[in-house]
file structure-v2.pdb (PDB, C-alpha atoms and all ligand atoms)
ATOM      1  CA  MET I 255      86.583 232.669  25.954
ATOM      2  CA  LYS I 256      89.546 232.406  23.656
ATOM      3  CA  ILE I 257      91.259 229.525  21.911
ATOM      4  CA  ILE I 258      94.912 230.500  21.504
ATOM      5  CA  PHE I 259      97.210 228.520  19.249
ATOM      6  CA  LEU I 260     100.811 228.346  20.446
ATOM      7  CA  GLY I 261     101.739 225.750  17.888
ATOM      8  CA  THR I 262      99.979 224.527  14.788
ATOM      9  CA  GLY I 263     102.694 222.095  13.736
ATOM     10  CA  GLY I 264     102.388 218.398  14.275
ATOM     11  CA  GLY I 265     104.415 215.254  13.952
ATOM     12  CA  ARG I 266     108.042 214.697  14.800
ATOM     13  CA  PHE I 267     109.457 216.606  11.822
ATOM     14  CA  SER I 268     107.504 219.792  12.552
ATOM     15  CA  ALA I 269     108.659 219.438  16.139
ATOM     16  CA  ILE I 270     112.329 218.771  15.401
ATOM     17  CA  SER I 271     112.642 221.487  12.752
ATOM     18  CA  GLN I 272     110.301 224.014  14.476
ATOM     19  CA  ARG I 273     109.304 225.186  11.005
ATOM     20  CA  LYS I 274     105.901 225.245  12.611
ATOM     21  CA  MET I 275     105.570 225.749  16.340
ATOM     22  CA  THR I 276     104.491 222.846  18.531
ATOM     23  CA  GLY I 277     103.250 224.463  21.749
ATOM     24  CA  GLY I 278      99.657 223.160  21.533
ATOM     25  CA  PHE I 279      96.808 225.521  22.392
ATOM     26  CA  ARG I 280      95.241 227.281  25.343
ATOM     27  CA  LEU I 281      91.607 227.666  26.291
ATOM     28  CA  ASP I 282      91.589 230.990  28.112
ATOM     29  CA  ASN I 283      88.828 232.356  30.286
ATOM     30  CA  LEU I 284      86.682 229.245  30.065
ATOM     31  CA  GLY I 285      84.440 229.902  33.051
ATOM     32  CA  GLY I 286      87.212 232.129  34.402
ATOM     33  CA  LYS I 287      89.928 229.443  34.112
ATOM     34  CA  ASN I 288      92.757 228.817  31.655
ATOM     35  CA  TYR I 289      93.877 225.428  30.376
ATOM     36  CA  HIS I 290      96.839 224.391  28.249
ATOM     37  CA  VAL I 291      96.166 221.484  25.891
ATOM     38  CA  ASP I 292      98.945 219.267  24.489
ATOM     39  CA  PRO I 293     101.993 221.368  25.355
ATOM     40  CA  GLY I 294     104.568 220.036  22.908
ATOM     41  CA  PRO I 295     108.174 221.238  22.561
ATOM     42  CA  GLY I 296     108.401 225.001  23.022
ATOM     43  CA  ALA I 297     105.045 225.464  24.777
ATOM     44  CA  LEU I 298     106.606 227.433  27.634
ATOM     45  CA  VAL I 299     108.656 229.658  25.336
ATOM     46  CA  ARG I 300     105.734 230.217  22.930
ATOM     47  CA  THR I 301     103.544 231.203  25.897
ATOM     48  CA  TYR I 302     105.891 234.130  26.598
ATOM     49  CA  GLN I 303     106.505 234.804  22.913
ATOM     50  CA  PHE I 304     102.796 235.569  22.443
ATOM     51  CA  GLY I 305     102.484 237.609  25.616
ATOM     52  CA  LEU I 306     100.774 235.079  27.875
ATOM     53  CA  ASP I 307     101.633 233.976  31.398
ATOM     54  CA  PRO I 308     102.177 230.256  32.060
ATOM     55  CA  ARG I 309     101.523 230.767  35.782
ATOM     56  CA  ASN I 310      97.872 231.602  35.284
ATOM     57  CA  ILE I 311      96.830 228.197  33.965
ATOM     58  CA  ASN I 312      94.463 225.995  35.943
ATOM     59  CA  GLY I 313      95.026 222.753  34.102
ATOM     60  CA  VAL I 314      97.283 220.860  31.732
ATOM     61  CA  PHE I 315      95.749 218.375  29.298
ATOM     62  CA  VAL I 316      97.825 215.728  27.530
ATOM     63  CA  SER I 317      96.126 213.482  24.988
ATOM     64  CA  HIS I 318      98.802 210.827  24.443
ATOM     65  CA  SER I 319     102.393 209.798  24.937
ATOM     66  CA  HIS I 320     104.090 211.483  21.989
ATOM     67  CA  THR I 321     106.626 214.250  22.607
ATOM     68  CA  ASP I 322     104.874 216.711  20.283
ATOM     69  CA  HIS I 323     101.989 216.593  22.817
ATOM     70  CA  TYR I 324     103.588 216.162  26.246
ATOM     71  CA  ASN I 325     107.106 217.594  26.098
ATOM     72  CA  ASP I 326     106.534 220.804  28.105
ATOM     73  CA  ALA I 327     103.823 219.434  30.419
ATOM     74  CA  GLU I 328     106.074 219.181  33.484
ATOM     75  CA  ILE I 329     107.499 222.700  33.249
ATOM     76  CA  LEU I 330     103.970 224.099  32.777
ATOM     77  CA  ILE I 331     102.851 222.154  35.845
ATOM     78  CA  GLU I 332     105.723 223.826  37.715
ATOM     79  CA  ALA I 333     104.543 227.220  36.438
ATOM     80  CA  MET I 334     100.939 226.428  37.448
ATOM     81  CA  THR I 335     101.924 225.410  40.980
ATOM     82  CA  LYS I 336     104.392 228.296  41.519
ATOM     83  CA  GLY I 337     107.369 225.985  41.282
ATOM     84  CA  MET I 338     105.623 223.095  43.067
ATOM     85  CA  THR I 339     105.046 225.189  46.181
ATOM     86  CA  GLU I 340     101.238 225.411  45.900
ATOM     87  CA  SER I 341      98.501 222.844  45.410
ATOM     88  CA  LYS I 342      96.717 223.936  42.273
ATOM     89  CA  GLY I 343      94.998 222.857  39.117
ATOM     90  CA  TYR I 344      94.272 219.708  37.198
ATOM     91  CA  ILE I 345      96.372 217.303  35.185
ATOM     92  CA  VAL I 346      94.090 215.611  32.682
ATOM     93  CA  GLY I 347      95.271 212.957  30.281
ATOM     94  CA  ALA I 348      95.285 209.487  28.858
ATOM     95  CA  LYS I 349      96.130 206.718  31.325
ATOM     96  CA  SER I 350      99.364 206.064  29.446
ATOM     97  CA  VAL I 351     100.382 209.688  30.002
ATOM     98  CA  ILE I 352      99.548 209.703  33.710
ATOM     99  CA  ASP I 353     100.314 206.129  34.817
ATOM    100  CA  GLY I 354     102.178 204.571  31.879
ATOM    101  CA  TYR I 355     101.101 201.610  29.779
ATOM    102  CA  LYS I 356     103.521 199.036  28.345
ATOM    103  CA  HIS I 357     106.285 201.105  26.746
ATOM    104  CA  TRP I 358     104.108 204.267  26.624
ATOM    105  CA  GLY I 359     104.718 206.900  29.294
ATOM    106  CA  PRO I 360     104.289 207.842  32.023
ATOM    107  CA  CYS I 361     105.003 211.314  30.661
ATOM    108  CA  ILE I 362     104.639 213.129  33.977
ATOM    109  CA  SER I 363     106.753 212.258  36.992
ATOM    110  CA  LYS I 364     105.336 211.374  40.419
ATOM    111  CA  TYR I 365     106.857 214.608  41.710
ATOM    112  CA  HIS I 366     104.980 216.671  39.120
ATOM    113  CA  LYS I 367     101.737 214.875  39.950
ATOM    114  CA  SER I 368     102.012 215.689  43.639
ATOM    115  CA  LYS I 369     100.435 219.180  43.742
ATOM    116  CA  SER I 370      97.470 218.940  41.361
ATOM    117  CA  LYS I 371      94.274 216.954  40.967
ATOM    118  CA  ILE I 372      95.071 214.040  38.681
ATOM    119  CA  MET I 373      92.507 212.929  36.159
ATOM    120  CA  PRO I 374      93.501 209.925  34.047
ATOM    121  CA  LEU I 375      90.733 209.275  31.522
ATOM    122  CA  ASN I 376      89.634 206.165  29.665
ATOM    123  CA  VAL I 377      87.904 206.473  26.308
ATOM    124  CA  ASN I 378      84.285 207.663  26.709
ATOM    125  CA  GLU I 379      84.804 208.540  30.362
ATOM    126  CA  SER I 380      83.444 211.938  31.455
ATOM    127  CA  ARG I 381      84.591 213.894  34.489
ATOM    128  CA  LYS I 382      83.701 217.249  35.990
ATOM    129  CA  MET I 383      86.471 219.820  36.185
ATOM    130  CA  ASP I 384      85.814 223.367  37.444
ATOM    131  CA  ALA I 385      82.801 224.621  35.435
ATOM    132  CA  CYS I 386      83.306 222.057  32.639
ATOM    133  CA  THR I 387      82.717 218.412  31.884
ATOM    134  CA  ILE I 388      85.560 216.687  30.051
ATOM    135  CA  LYS I 389      84.837 213.639  27.928
ATOM    136  CA  ALA I 390      87.644 211.465  26.579
ATOM    137  CA  THR I 391      87.097 210.639  22.912
ATOM    138  CA  PRO I 392      88.609 207.605  21.173
ATOM    139  CA  THR I 393      91.586 207.645  18.809
ATOM    140  CA  ARG I 394      93.317 205.195  16.458
ATOM    141  CA  HIS I 395      96.942 206.140  16.800
ATOM    142  CA  GLY I 396     100.297 204.857  18.070
ATOM    143  CA  ASP I 397      99.546 205.144  21.789
ATOM    144  CA  PRO I 398      96.773 202.573  22.293
ATOM    145  CA  LEU I 399      95.319 204.525  25.241
ATOM    146  CA  GLY I 400      95.509 207.917  23.510
ATOM    147  CA  ILE I 401      92.403 210.099  23.703
ATOM    148  CA  GLY I 402      90.925 213.316  22.354
ATOM    149  CA  PHE I 403      88.834 215.702  24.439
ATOM    150  CA  GLN I 404      85.343 217.081  24.265
ATOM    151  CA  ILE I 405      84.990 219.968  26.687
ATOM    152  CA  ASP I 406      81.460 220.933  27.621
ATOM    153  CA  TYR I 407      81.025 224.360  29.177
ATOM    154  CA  LYS I 408      77.368 225.059  29.995
ATOM    155  CA  GLY I 409      76.276 223.120  26.911
ATOM    156  CA  PHE I 410      78.825 224.706  24.567
ATOM    157  CA  LYS I 411      81.109 221.979  23.289
ATOM    158  CA  ILE I 412      84.642 222.230  21.991
ATOM    159  CA  SER I 413      85.960 218.990  20.551
ATOM    160  CA  TYR I 414      89.601 218.181  19.840
ATOM    161  CA  THR I 415      90.353 214.983  17.960
ATOM    162  CA  SER I 416      94.060 214.863  18.868
ATOM    163  CA  ASP I 417      96.071 212.495  16.660
ATOM    164  CA  THR I 418      93.913 209.826  15.126
ATOM    165  CA  SER I 419      93.045 208.292  11.816
ATOM    166  CA  TYR I 420      89.432 208.502  10.712
ATOM    167  CA  PHE I 421      87.376 205.498  11.759
ATOM    168  CA  THR I 422      83.664 204.779  11.877
ATOM    169  CA  ARG I 423      83.136 205.475  15.582
ATOM    170  CA  LEU I 424      85.005 208.794  15.522
ATOM    171  CA  PRO I 425      82.123 211.082  14.413
ATOM    172  CA  GLU I 426      79.775 209.726  17.068
ATOM    173  CA  ALA I 427      82.300 210.606  19.789
ATOM    174  CA  HIS I 428      82.500 214.243  18.629
ATOM    175  CA  LYS I 429      78.770 214.711  17.978
ATOM    176  CA  GLY I 430      77.308 217.893  19.389
ATOM    177  CA  ALA I 431      80.573 219.835  19.006
ATOM    178  CA  HIS I 432      80.066 223.524  18.287
ATOM    179  CA  ILE I 433      83.752 223.918  17.470
ATOM    180  CA  LEU I 434      85.702 220.948  16.132
ATOM    181  CA  ILE I 435      89.497 221.161  16.278
ATOM    182  CA  GLY I 436      91.165 218.474  14.177
ATOM    183  CA  SER I 437      94.736 217.242  14.012
ATOM    184  CA  VAL I 438      95.134 217.162  10.247
ATOM    185  CA  LEU I 439      98.671 216.184   9.383
ATOM    186  CA  ARG I 440      98.482 216.103   5.625
ATOM    187  CA  PRO I 441      96.643 217.731   2.723
ATOM    188  CA  GLY I 442      94.318 216.103   0.214
ATOM    189  CA  ALA I 443      94.013 212.344   0.402
ATOM    190  CA  LYS I 444      97.572 211.841   1.647
ATOM    191  CA  SER I 445      96.522 210.052   4.767
ATOM    192  CA  ILE I 446      99.150 208.168   6.734
ATOM    193  CA  LYS I 447      98.553 205.556   9.384
ATOM    194  CA  GLY I 448      97.243 207.044  12.602
ATOM    195  CA  HIS I 449      96.517 210.507  11.187
ATOM    196  CA  MET I 450      93.825 212.394   9.333
ATOM    197  CA  CYS I 451      94.332 214.208   6.048
ATOM    198  CA  SER I 452      92.062 216.985   4.760
ATOM    199  CA  ASN I 453      89.777 214.521   2.986
ATOM    200  CA  THR I 454      89.122 212.392   6.053
ATOM    201  CA  PHE I 455      88.605 215.580   8.091
ATOM    202  CA  ILE I 456      85.907 216.563   5.561
ATOM    203  CA  GLU I 457      84.193 213.227   6.251
ATOM    204  CA  LEU I 458      84.374 213.860   9.986
ATOM    205  CA  ILE I 459      82.980 217.403   9.651
ATOM    206  CA  ARG I 460      80.114 216.219   7.468
ATOM    207  CA  GLU I 461      79.079 213.757  10.171
ATOM    208  CA  VAL I 462      79.701 215.926  13.237
ATOM    209  CA  LYS I 463      78.275 219.120  11.682
ATOM    210  CA  PRO I 464      79.997 221.638  13.972
ATOM    211  CA  LYS I 465      79.415 225.375  13.547
ATOM    212  CA  LEU I 466      83.135 225.964  13.010
ATOM    213  CA  ALA I 467      86.018 223.616  12.242
ATOM    214  CA  ILE I 468      89.708 224.315  12.802
ATOM    215  CA  ILE I 469      92.684 222.532  11.278
ATOM    216  CA  THR I 470      95.800 222.329  13.421
ATOM    217  CA  HIS I 471      98.728 219.978  14.086
ATOM    218  CA  MET I 472      99.873 220.264  10.492
ATOM    219  CA  GLY I 473     102.849 218.344   9.179
ATOM    220  CA  LEU I 474     105.481 219.775   6.874
ATOM    221  CA  LYS I 475     103.506 218.707   3.793
ATOM    222  CA  MET I 476     100.823 221.205   4.934
ATOM    223  CA  THR I 477     103.237 224.112   5.166
ATOM    224  CA  ASN I 478     102.414 226.082   2.042
ATOM    225  CA  ASN I 479      98.967 224.871   1.132
ATOM    226  CA  HIS I 480      97.018 224.973   4.392
ATOM    227  CA  ILE I 481      94.949 228.061   3.504
ATOM    228  CA  HIS I 482      93.944 226.501   0.218
ATOM    229  CA  GLU I 483      93.132 223.271   2.063
ATOM    230  CA  ALA I 484      90.985 225.087   4.639
ATOM    231  CA  LYS I 485      89.022 226.772   1.843
ATOM    232  CA  ARG I 486      88.511 223.455   0.111
ATOM    233  CA  VAL I 487      87.446 221.779   3.354
ATOM    234  CA  SER I 488      84.953 224.639   3.969
ATOM    235  CA  LYS I 489      83.512 224.262   0.492
ATOM    236  CA  GLU I 490      83.267 220.484   0.481
ATOM    237  CA  SER I 491      82.048 220.057   4.045
ATOM    238  CA  GLY I 492      79.691 223.048   4.074
ATOM    239  CA  VAL I 493      81.164 224.134   7.423
ATOM    240  CA  LYS I 494      83.369 227.182   7.853
ATOM    241  CA  THR I 495      86.878 225.818   8.385
ATOM    242  CA  LEU I 496      90.010 227.682   9.398
ATOM    243  CA  ALA I 497      93.632 226.659   9.225
ATOM    244  CA  ALA I 498      94.975 227.816  12.583
ATOM    245  CA  PHE I 499      98.256 229.720  12.637
ATOM    246  CA  ASP I 500     100.904 230.170  15.308
ATOM    247  CA  GLY I 501      99.817 233.062  17.509
ATOM    248  CA  MET I 502      96.144 232.919  16.476
ATOM    249  CA  SER I 503      93.636 233.851  19.145
ATOM    250  CA  LEU I 504      90.013 233.009  18.419
ATOM    251  CA  ASN I 505      87.575 234.988  20.535
ATOM    252  CA  VAL I 506      84.717 232.537  20.659
ATOM    253  CA  ASN I 507      81.271 233.810  19.847
ATOM    254  CA  PHE I 508      79.110 231.337  21.755
ATOM    255  CA  ARG I 509      75.937 232.176  19.827
ATOM    256  CA  ASN I 510      77.531 232.130  16.399
ATOM    257  CA  PRO I 511      80.852 230.277  16.545
ATOM    258  CA  ASP I 512      81.393 230.808  12.813
ATOM    259  CA  ARG I 513      81.452 234.547  13.509
ATOM    260  CA  SER I 514      84.144 234.283  16.177
ATOM    261  CA  ARG I 515      86.791 236.949  15.795
ATOM    262  CA  ILE I 516      90.361 236.060  15.006
ATOM    263  CA  TYR I 517      93.199 238.049  16.516
ATOM    264  CA  THR I 518      96.866 237.813  15.640
ATOM    265  CA  LEU I 519      98.818 237.953  18.874
ATOM    266  CA  LYS I 520     101.844 240.183  18.872
ATOM    267  CA  ASP I 521     104.997 238.125  18.548
ATOM    268  CA  VAL I 522     107.522 239.610  20.969
ATOM    269  CA  ASN I 523     110.368 237.906  19.094
ATOM    270  CA  ASN I 524     109.302 239.479  15.833
ATOM    271  CA  PRO I 525     107.191 242.560  16.566
ATOM    272  CA  SER I 526     107.148 243.838  12.993
ATOM    273  CA  HIS I 527     105.745 240.551  11.694
ATOM    274  CA  SER I 528     102.946 239.728  14.056
ATOM    275  CA  SER I 529     101.196 237.805  11.318
ATOM    276  CA  ILE I 530     103.467 235.119   9.978
ATOM    277  CA  ARG I 531     101.422 234.224   6.951
ATOM    278  CA  LYS I 532      98.793 235.526   4.597
ATOM    279  CA  LEU I 533      95.261 235.295   5.876
ATOM    280  CA  SER I 534      92.371 233.745   3.996
ATOM    281  CA  ASN I 535      89.463 236.008   3.051
ATOM    282  CA  PHE I 536      87.388 234.704   5.926
ATOM    283  CA  GLU I 537      90.241 235.300   8.313
ATOM    284  CA  ARG I 538      90.949 238.763   6.919
ATOM    285  CA  LYS I 539      87.327 239.682   7.467
ATOM    286  CA  HIS I 540      87.446 238.518  11.051
ATOM    287  CA  THR I 541      91.005 239.297  12.013
ATOM    288  CA  HIS I 542      92.100 242.128  14.202
ATOM    289  CA  ASN I 543      95.650 242.868  15.137
ATOM    290  CA  LEU I 544      96.023 243.055  18.821
ATOM    291  CA  SER I 545      97.501 245.961  20.690
ATOM    292  CA  SER I 546      99.733 245.276  23.645
ATOM    293  CA  LYS I 547      96.858 246.470  25.813
ATOM    294  CA  TYR I 548      95.013 243.231  25.148
ATOM    295  CA  ARG I 549      97.856 241.207  26.501
TER     296      ARG I 549
HETATM  297 ZN    ZN I 601     101.153 214.595  17.201
HETATM  298 ZN    ZN I 602     100.867 211.348  18.169
END

call {"tool": "encode", "arguments": {"input": "structure-v2.pdb", "output": "structure tokens"}}
result
Amino acid sequence: MKIIFLGTGGGRFSAISQRKMTGGFRLDNLGGKNYHVDPGPGALVRTYQFGLDPRNINGVFVSHSHTDHYNDAEILIEAMTKGMTESKGYIVGAKSVIDGYKHWGPCISKYHKSKSKIMPLNVNESRKMDACTIKATPTRHGDPLGIGFQIDYKGFKISYTSDTSYFTRLPEAHKGAHILIGSVLRPGAKSIKGHMCSNTFIELIREVKPKLAIITHMGLKMTNNHIHEAKRVSKESGVKTLAAFDGMSLNVNFRNPDRSRIYTLKDVNNPSHSSIRKLSNFERKHTHNLSSKYR
């Protein structure tokens, strides 16, 4: 199973400027299926840019009604269903995303919901999907019905906070996670309403105690210091923590998630610079450049 990051930028300014990509991430080969989570602006293009095929997904997950999370959902649904000609896959998301709530959403049209199994989730609701169980985790963010996801595959749990500030019930919702993926918009203690910063992510990691933590959905204030922040988070939380990068593929080691291998996917737009930033020591130790064969 691989977790593939097609965008590690977050917030409207990362999205508008594209100084960091905003395509969300894919869970590939999870029980033989592929899922795209929070496909923000560029998700379709980034899929091709890193050598993947949008047609082989089996589900689209959207956590809440902000464009940096839902923008490319409909075109990926079209890819999944062969241009809306086949019934296929799942659309999983917050109720606001699927059905609309007050001035939030719906983010997916009735037409695009017509060929897939639709799974609107309330906070704390769990549903079976293929070989997994999906639990909706709570958030404190702009969209009042926004959720995160905890995906349980045969007892192995991957948790994704989505956009949320830290609050007392958050750790409990992500308990048991082997890998914890956090939307961490800002470094240090520079928390803004509705978002975590590195320091609140440290608090969350200390409570959840995952085997591996990953920082993604970084705002522009995290552009140059994210590797330093990940090192600091690792040190202060006691849990190995990575700052994800655009085009990062994590080959998950189910037994020892902290020993998962990191691959840098070849960037077809920039083949000579497949790695767009310097790697941390941990990453260097575990990183392998990928030949085109892999793709
Ligand atoms: Zn966001
Ligand atoms: Zn948001």

call {"tool": "closest_atom_pairs", "arguments": {"input": "structure-v2.pdb", "of": "chain I", "to": "ligand ZN 602 (chain I)", "cutoff": "7 Å", "atoms": "only C-alpha atoms and all ligand atoms", "output": "tab-separated table"}}
result
residue	atom	partner	partner_atom	distance
I:Gly265	CA	I:ZN602	ZN	6.8
I:His318	CA	I:ZN602	ZN	6.6
I:His320	CA	I:ZN602	ZN	5.0
I:His395	CA	I:ZN602	ZN	6.7
I:Gly396	CA	I:ZN602	ZN	6.5
I:Asp417	CA	I:ZN602	ZN	5.2

call {"tool": "atom_distance", "arguments": {"input": "structure-v2.pdb", "atom1": "atom CA of Met373 of chain I", "atom2": "atom CA of Ala427 of chain I"}}
result
19.4 Å

call {"tool": "residues_near_ligand", "arguments": {"input": "structure-v2.pdb", "ligand": "ligand ZN 601 (chain I)", "cutoff": "12 Å", "atoms": "all atoms listed in the file", "output": "ChimeraX atom specification"}}
result
/I:261-269,276-278,292-295,316-325,393,395-397,400-402,415-419,436-440,448-450,470-473

call {"tool": "resolve_selection", "arguments": {"input": "structure-v2.pdb", "expression": "the PyMOL selection byres (((chain I and resi 256) around 8) and not hetatm)", "output": "ChimeraX atom specification"}}
result
/I:255,257-258,280-284,503-506

call {"tool": "residues_around", "arguments": {"input": "structure-v2.pdb", "residues": "segment 352-356 of chain I", "least_positions_apart": "3", "cutoff": "10 Å", "atoms": "all atoms listed in the file", "output": "PyMOL selection string"}}
result
chain I and resi 316+318-319+345-349+359-364+367+372-375+397-399

call {"tool": "closest_residue", "arguments": {"input": "structure-v2.pdb", "among": "I:His428, I:His480, I:Glu490, I:Glu328", "to": "Glu457 of chain I", "atoms": "only C-alpha atoms"}}
result
I:Glu490

call {"tool": "atom_distance", "arguments": {"input": "structure-v2.pdb", "atom1": "atom CA of Ala327 of chain I", "atom2": "atom CA of His432 of chain I"}}
result
27.0 Å

call {"tool": "atom_distance", "arguments": {"input": "structure-v2.pdb", "atom1": "atom CA of Lys382 of chain I", "atom2": "atom CA of Gly285 of chain I"}}
result
13.0 Å

call {"tool": "resolve_selection", "arguments": {"input": "structure-v2.pdb", "expression": "the PyMOL selection byres (((chain I and resi 298) around 10) and not hetatm)", "output": "CSV table (one decimal) with C-alpha atoms, in the frame of the given file"}}
result
chain,number,residue,atom,x,y,z
I,260,LEU,CA,100.8,228.3,20.4
I,277,GLY,CA,103.2,224.5,21.7
I,293,PRO,CA,102.0,221.4,25.4
I,294,GLY,CA,104.6,220.0,22.9
I,295,PRO,CA,108.2,221.2,22.6
I,296,GLY,CA,108.4,225.0,23.0
I,297,ALA,CA,105.0,225.5,24.8
I,299,VAL,CA,108.7,229.7,25.3
I,300,ARG,CA,105.7,230.2,22.9
I,301,THR,CA,103.5,231.2,25.9
I,302,TYR,CA,105.9,234.1,26.6
I,303,GLN,CA,106.5,234.8,22.9
I,306,LEU,CA,100.8,235.1,27.9
I,307,ASP,CA,101.6,234.0,31.4
I,308,PRO,CA,102.2,230.3,32.1
I,325,ASN,CA,107.1,217.6,26.1
I,326,ASP,CA,106.5,220.8,28.1
I,327,ALA,CA,103.8,219.4,30.4
I,329,ILE,CA,107.5,222.7,33.2
I,330,LEU,CA,104.0,224.1,32.8
I,333,ALA,CA,104.5,227.2,36.4

call {"tool": "residues_around", "arguments": {"input": "structure-v2.pdb", "residues": "Asp406 of chain I", "least_positions_apart": "6", "cutoff": "12 Å", "atoms": "only C-alpha atoms", "output": "PyMOL selection string"}}
result
chain I and resi 284-285+380-390+412-414+428-433

call {"tool": "resolve_selection", "arguments": {"input": "structure-v2.pdb", "expression": "the PyMOL selection byres (((chain I and resi 442) around 9) and not hetatm)", "output": "PyMOL selection string"}}
result
chain I and resi 440-441+443-445+451-454+483

call {"tool": "axis_aligned_box", "arguments": {"input": "structure-v2.pdb", "around": "segment 412-426 of chain I", "padding_each_side": "5 Å", "output": "JSON"}}
result
{"center_x": 87.9, "center_y": 213.5, "center_z": 16.4, "size_x": 26.3, "size_y": 27.5, "size_z": 21.3}

call {"tool": "residues_around", "arguments": {"input": "structure-v2.pdb", "residues": "Ile331 of chain I", "least_positions_apart": "4", "cutoff": "9 Å", "atoms": "all atoms listed in the file", "output": "JSON, numbers by chain"}}
result
{"I": [308, 309, 311, 313, 314, 326, 327, 335, 336, 337, 338, 343, 345, 366, 367, 369, 370]}

call {"tool": "residues_around", "arguments": {"input": "structure-v2.pdb", "residues": "Val487 of chain I", "least_positions_apart": "3", "cutoff": "9 Å", "atoms": "all atoms listed in the file", "output": "PyMOL selection string"}}
result
chain I and resi 452-453+455-456+459+482-484+490-496

call {"tool": "closest_residue", "arguments": {"input": "structure-v2.pdb", "among": "I:Val291, I:Ile405, I:Met334, I:Leu519", "to": "Asn310 of chain I", "atoms": "all atoms listed in the file"}}
result
I:Met334
